[in-house]
Each structure stands twice: as C-alpha cells, then as structure tokens.
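See below for the structure under consideration.
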Protein chains: 2
Amino acid sequence: MDLTKKIRTIPNFPKEGIMFKDITTLLQDAPAFRKAIDDLVEYFMKKDLHFDKVVSTEARGFILGSVLAYEFHAGFVPLRKPGKLPSETIKQEFKTEYSTDAFEIHKDAIEKGESVLVCDDLIATAGTLRASIDLVEKLGGKVNGIACLVELTFLKGRDKIKGYDICSLIKYDKEE
Amino acid sequence: MDLTKKIRTIPNFPKEGIMFKDITTLLQDAPAFRKAIDDLVEYFMKKDLHFDKVVSTEARGFILGSVLAYEFHAGFVPLRKPGKLPSETIKQEFKTEYSTDAFEIHKDAIEKGESVLVCDDLIATAGTLRASIDLVEKLGGKVNGIACLVELTFLKGRDKIKGYDICSLIKYDKEE
C-alpha cells in the first residue's frame with residue numbers, strides 16, 4: 001500500500017500559497033491508518049528501542065502519539081497550548097511554518113533519564129518538534145526517537161533537529 | 001488497579017468553582033493508560049460489536065479515540081473546531097460545561113450505514129457528545145457505542161444521549 005496516495009493536498013489552506021497536506025483521508029482509511037502506525041512501530045522496534053513516554057503536541061500530534069504510546073507500553077504526555085494544562089508547567093516558544101506560538105508540558109510528566117519518543121503528524125520547518133525536544137530535555141528526559149507521518153523535506157526541518165533518530169513515512173521533496 | 005486513583009483533581013480550573021478532573025496523570029502512567037484502553041475495548045468486544053469508524057473531538061478526545069480506532073481496526077475521524085478541517089465540512093453547535101462552541105466534520109469522513117464508536121475523555125453535560133452524535137447521524141452513520149474515560153454522573157449528561165450504549169470507566173457522583 002502506498003501511503004502517499006492516502007494524503008489529500010488542499011491548495012491555499014490555511015492561507016494563500018500553502019499546499020496543505022491533509023492527513024484525515026489517511027486516518028479515516030482503516031488499513032492505511034493501521035499500516036502507518038505499524039510502520040512507525042516497526043522502525044523503532046527493529047532497533048530494540050524502549051520508550052517510557054511518548055510526547056505529542058495538540059491536536060493532530062495526539063492522534064499518532066497516543067497509539068504509539070499504547071503500542072510501546074509507554075505513558076502518553078500531551079504538550080498543549082498555554083493555559084490548557086491544569087497543573088504546574090514549563091513553556092517553550094517556537095516558530096511554525098505559519099506563525100509564532102508556544103507549548104507547555106506538565107513539570108511532572110517526565111522523570112529524569114526517561115527514554116522518550118517525540119511524535120508529530122508533520123515535519124515542516126520543525127519548529128514544533130524542536131520545542132517538544134527542548135521541553136523534554138529541560139525535564140531531564142532523553143529523546144531516543146522522533147516519529148512523523150509526513151515530512152516536507154524541501155523545508156529542511158531536519159537541520160533544526162540534527163543528531164536525533166527520525167522516522168518519517170511520507171516525504172515530499174517539493175511544494176506540490 | 002483502581003483507575004480513579006490515577007486521576008488528579010485541580011480545584012478552580014479552568015474557572016472558579018470547577019473541580020477539574022485532570023486525566024494527564026493517568027495517561028502518563030503506562031500501565032494505567034493501557035488498562036483504560038483495554039477496559040474500553042473489552043466492553044465493546046464482549047458485545048461482538050464491529051466499528052468502521054471511531055469519531056473524537058479535539059484535543060483530548062483524540063488521545064483515546066485514535067487508540068480505540070487502531071484496536072478496532074477502524075478508521076479514525078477527528079471532529080475539529082471551525083476552520084481547522086481543510087476540506088468540505090458540516091458544523092454542529094453545542095454547549096459545554098463552560099461555554100457555547102461548535103465542531104465540524106469532513107463530509108466524506110463517514111459513509112452511509114457505517115458503524116461508529118464515538119469517543120471522548122469526559123461526559124459532563126454531554127453537549128460535546130451530543131454534537132458528535134448529531135454530526136455522525138447527519139452523514140448517515142450509525143452510532144453503535146460511546147466510550148469515555150470519566151463521567152460526572154451528577155451533571156446527568158446521559159439524559160442528553162439516551163438510547164446509546166455508553167461505557168464510561170471512572171464515575172464521580174458528586175463535585176469532589
């Protein structure tokens with residue numbers, strides 16, 4: 001099955017000039033959704049990696065991250081927009097493809113030395129992923145893997161997250 | 001394992017007088033997260049129910065809903081705040097415990113006659129769940145189950161969603 005064919009491109013969303021990669025067509029296709037998860041799990045399983053926590057940003061990141069947490073017998077840690085997490089947090093600002101924003105993590109979400117998988121739906125400029133990694137590391141966690149569904153390689157997001165073990169399933173090498 | 005003990009209550013969040021049920025302490029606890037998912041799956045498996053789609057609202061609903069979709073070999077359908085879904089949608093307004101809001105679903109997310117599990121983290125006044133059910137039924141889907149982690153039974157949300165097969169794992173019968 002070619003997962004690329006399950007992605008729908010929406011021109012000019014959320015703003016003029018962006019070719020938005022809509023993953024909902026993949027998620028709602030049961031065999032495609034299952035294959036995406038299984039491929040991500042297999043990539044890290046083959047390396048015999050163990051994760052204590054899977055960390056994802058709201059909202060689309062939660063969809064893949066929580067399944068990976070379940071499959072790896074790990075805890076799931078949501079990173080949320082400021083003010084959404086109810087207990088004590090630390091915050092990290094970041095730039096996205098479209099704007100500047102921030103995410104928070106609960107201070108008690110990661111214990112020192114825990115092995116963490118960071119998961120998001122998309123690697124674009126990797127601002128969100130960089131912020132996620134920084135939050136995990138500030139709490140003393142060790143990021144042993146990064147899992148993504150789609151990567152826009154022409155935006156060179158990997159330059160921001162060098163040295164990490166990154167698995168992305170569907171790559172676009174130009175705006176299309 | 002008593003899942004109730006994994007929930008943290010945060011007084012006066014997001015506003016004065018609300019005893020907020022923080023599920024992040026359960027999600028980040030790997031065995032508790034796994035047990036919650038397994039208990040929800042078992043409830044519907046025992047009834048030999050099959051689901052084509054699992055539908056959840058952003059953002060916390062995605063965390064449980066996507067794992068249930070994976071486990072039931074179903075597609076996952078996100079309901080999102082207005083303007084977030086990139087293709088053609090229908091919209092449903094609803095009242096939450098705190099405010100009035102709206103959710104959208106992609107028109108092509110559910111096919112007529114499909115068996116649907118609706119999943120959310122919390123049953124409070126059930127405004128969100130009612131809106132989710134309405135969106136699924138407008139597209140011709142059949143809601144054959146509702147799965148939730150926490151239920152505030154004293155808010156009598158079930159009155160709004162009578163006639164559906166509801167499984168909630170952790171019940172609070174008073175504000176505490």
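Order determines the names: the first chain of the structure tokens is A, the second B, and so forth; residues in each chain are numbered 1 upward, and ligands are numbered 1 upward as they are shown.
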Can you check which parts of chain B lie within 9 Å of chain A? Per residue, the shortest pair of atoms and distance in Å to one decimal, counting only C-alpha atoms, sorted by chain and number, as a Markdown table.
| residue | atom | partner | partner_atom | distance |
| --- | --- | --- | --- | --- |
| B:Ile10 | CA | A:Pro86 | CA | 6.7 |
| B:Phe13 | CA | A:Pro86 | CA | 6.6 |
| B:Pro14 | CA | A:Pro86 | CA | 7.5 |
| B:Phe20 | CA | A:Pro86 | CA | 8.0 |
| B:Asp22 | CA | A:Pro86 | CA | 7.0 |
| B:Thr24 | CA | A:Val77 | CA | 7.1 |
| B:Thr25 | CA | A:Ala109 | CA | 7.8 |
| B:Leu26 | CA | A:Gly75 | CA | 8.4 |
| B:Leu27 | CA | A:Phe76 | CA | 5.2 |
| B:Gln28 | CA | A:Gly75 | CA | 3.9 |
| B:Asp29 | CA | A:Gly75 | CA | 4.9 |
| B:Ala30 | CA | A:Gly75 | CA | 3.9 |
| B:Pro31 | CA | A:His73 | CA | 7.3 |
| B:Ala32 | CA | A:Gly75 | CA | 8.4 |
| B:Phe33 | CA | A:Gly75 | CA | 6.7 |
| B:Arg34 | CA | A:Tyr70 | CA | 6.2 |
| B:Ile37 | CA | A:Tyr70 | CA | 8.4 |
| B:Asp52 | CA | A:Ala30 | CA | 7.7 |
| B:Lys53 | CA | A:Gln28 | CA | 7.1 |
| B:Val54 | CA | A:Gln28 | CA | 8.6 |
| B:Glu58 | CA | A:Ala59 | CA | 6.3 |
| B:Ala59 | CA | A:Ala59 | CA | 5.1 |
| B:Arg60 | CA | A:Phe62 | CA | 8.0 |
| B:Phe62 | CA | A:Ile63 | CA | 5.6 |
| B:Ile63 | CA | A:Ser66 | CA | 5.4 |
| B:Leu64 | CA | A:Ser66 | CA | 7.3 |
| B:Gly65 | CA | A:Ile63 | CA | 8.0 |
| B:Ser66 | CA | A:Ile63 | CA | 5.4 |
| B:Val67 | CA | A:Val67 | CA | 4.8 |
| B:Leu68 | CA | A:Val67 | CA | 8.5 |
| B:Ala69 | CA | A:Ala30 | CA | 7.9 |
| B:Tyr70 | CA | A:Arg34 | CA | 6.2 |
| B:His73 | CA | A:Ala30 | CA | 5.9 |
| B:Ala74 | CA | A:Ala30 | CA | 4.7 |
| B:Gly75 | CA | A:Gln28 | CA | 4.0 |
| B:Phe76 | CA | A:Gln28 | CA | 4.6 |
| B:Val77 | CA | A:Gln28 | CA | 5.5 |
| B:Pro78 | CA | A:Thr24 | CA | 7.6 |
| B:Gly83 | CA | A:Pro14 | CA | 8.5 |
| B:Lys84 | CA | A:Pro14 | CA | 8.2 |
| B:Leu85 | CA | A:Asp22 | CA | 8.5 |
| B:Pro86 | CA | A:Phe13 | CA | 6.6 |
| B:Ser87 | CA | A:Ile10 | CA | 7.3 |
| B:His106 | CA | A:Thr24 | CA | 8.7 |
| B:Asp108 | CA | A:Thr25 | CA | 8.7 |
| B:Ala109 | CA | A:Gln28 | CA | 6.6 |
| B:Ile110 | CA | A:Gln28 | CA | 8.4 |
Any idea what's packed within 10 Å of A:Glu114, counting only C-alpha atoms, ignoring anything in its chain fewer than 4 positions away? Could you give it as a PyMOL selection string?
-> chain A and resi 50-53+110+136-137+139-144
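For the pair atom CA of A:Val150 and atom CA of A:Lys95, the separation is 18.3 Å.
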Near-B:Ala36 list (8 Å; only C-alpha atoms; drop same-chain fewer than 4 positions) as a VMD selection string = chain B and resid 3 32 40 149 169
Extract the full set of strand (DSSP E) residues from stretch 32-138 of chain B according to DSSP on the backbone, and format it as a ChimeraX atom specification.
-> /B:53-57,75-79,89-95,100-106,115-123
Out of B:Ile133, B:Lys15, B:Glu151, B:Leu122, which residue has the shortest atom-to-atom distance to B:Gly163 when counting only C-alpha atoms?
-> B:Ile133
Which of stretch 7-171 of chain A DSSP labels alpha helix (DSSP H), written as a PyMOL selection string | chain A and resi 24-27+30-45+60-71+127-138
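Atom CA of A:Thr89 is found 23.9 Å from atom CA of A:Ala147.
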Residue contacts of B:Lys81 (10 Å, only C-alpha atoms) excluding same-chain residues fewer than 5 positions away, as a PDB file with N, CA, C and O atoms, in the first residue's frame:
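Produced file result.pdb, reproduced below:
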ATOM      1  N   THR B  57     -13.532  14.264  19.366  1.00  0.00           N
ATOM      2  CA  THR B  57     -13.369  15.720  19.287  1.00  0.00           C
ATOM      3  C   THR B  57     -11.994  16.131  19.808  1.00  0.00           C
ATOM      4  O   THR B  57     -11.432  15.515  20.710  1.00  0.00           O
ATOM      5  N   GLU B  58     -11.468  17.233  19.202  1.00  0.00           N
ATOM      6  CA  GLU B  58     -10.176  17.748  19.643  1.00  0.00           C
ATOM      7  C   GLU B  58     -10.324  18.387  21.012  1.00  0.00           C
ATOM      8  O   GLU B  58     -11.403  18.877  21.342  1.00  0.00           O
ATOM      9  N   ALA B  59      -9.232  18.475  21.795  1.00  0.00           N
ATOM     10  CA  ALA B  59      -8.000  17.784  21.527  1.00  0.00           C
ATOM     11  C   ALA B  59      -7.918  16.508  22.389  1.00  0.00           C
ATOM     12  O   ALA B  59      -7.412  15.487  21.926  1.00  0.00           O
ATOM     13  N   LYS B  91     -21.264  21.515  10.177  1.00  0.00           N
ATOM     14  CA  LYS B  91     -20.978  22.063  11.511  1.00  0.00           C
ATOM     15  C   LYS B  91     -22.129  21.795  12.485  1.00  0.00           C
ATOM     16  O   LYS B  91     -23.291  21.766  12.084  1.00  0.00           O
ATOM     17  N   GLN B  92     -21.792  21.628  13.765  1.00  0.00           N
ATOM     18  CA  GLN B  92     -22.809  21.474  14.808  1.00  0.00           C
ATOM     19  C   GLN B  92     -22.412  22.324  16.017  1.00  0.00           C
ATOM     20  O   GLN B  92     -21.308  22.157  16.545  1.00  0.00           O
ATOM     21  N   ASP B 101     -19.951  26.432  21.847  1.00  0.00           N
ATOM     22  CA  ASP B 101     -18.874  26.213  20.890  1.00  0.00           C
ATOM     23  C   ASP B 101     -19.433  25.463  19.685  1.00  0.00           C
ATOM     24  O   ASP B 101     -20.642  25.252  19.577  1.00  0.00           O
ATOM     25  N   ALA B 102     -18.579  25.063  18.774  1.00  0.00           N
ATOM     26  CA  ALA B 102     -19.032  24.307  17.604  1.00  0.00           C
ATOM     27  C   ALA B 102     -17.937  23.358  17.146  1.00  0.00           C
ATOM     28  O   ALA B 102     -16.754  23.597  17.389  1.00  0.00           O
ATOM     29  N   PHE B 103     -18.364  22.261  16.516  1.00  0.00           N
ATOM     30  CA  PHE B 103     -17.423  21.322  15.908  1.00  0.00           C
ATOM     31  C   PHE B 103     -17.814  21.067  14.463  1.00  0.00           C
ATOM     32  O   PHE B 103     -18.981  21.186  14.092  1.00  0.00           O
ATOM     33  N   GLU B 104     -16.821  20.712  13.669  1.00  0.00           N
ATOM     34  CA  GLU B 104     -17.050  20.366  12.267  1.00  0.00           C
ATOM     35  C   GLU B 104     -16.551  18.953  11.988  1.00  0.00           C
ATOM     36  O   GLU B 104     -15.657  18.455  12.662  1.00  0.00           O
ATOM     37  N   ILE B 105     -17.150  18.341  10.957  1.00  0.00           N
ATOM     38  CA  ILE B 105     -16.697  17.028  10.472  1.00  0.00           C
ATOM     39  C   ILE B 105     -16.573  17.118   8.952  1.00  0.00           C
ATOM     40  O   ILE B 105     -17.354  17.831   8.314  1.00  0.00           O
TER      41      ILE B 105
END
How many Å separate atom CA of B:Glu111 from atom CA of B:Tyr43?
-> 24.9 Å
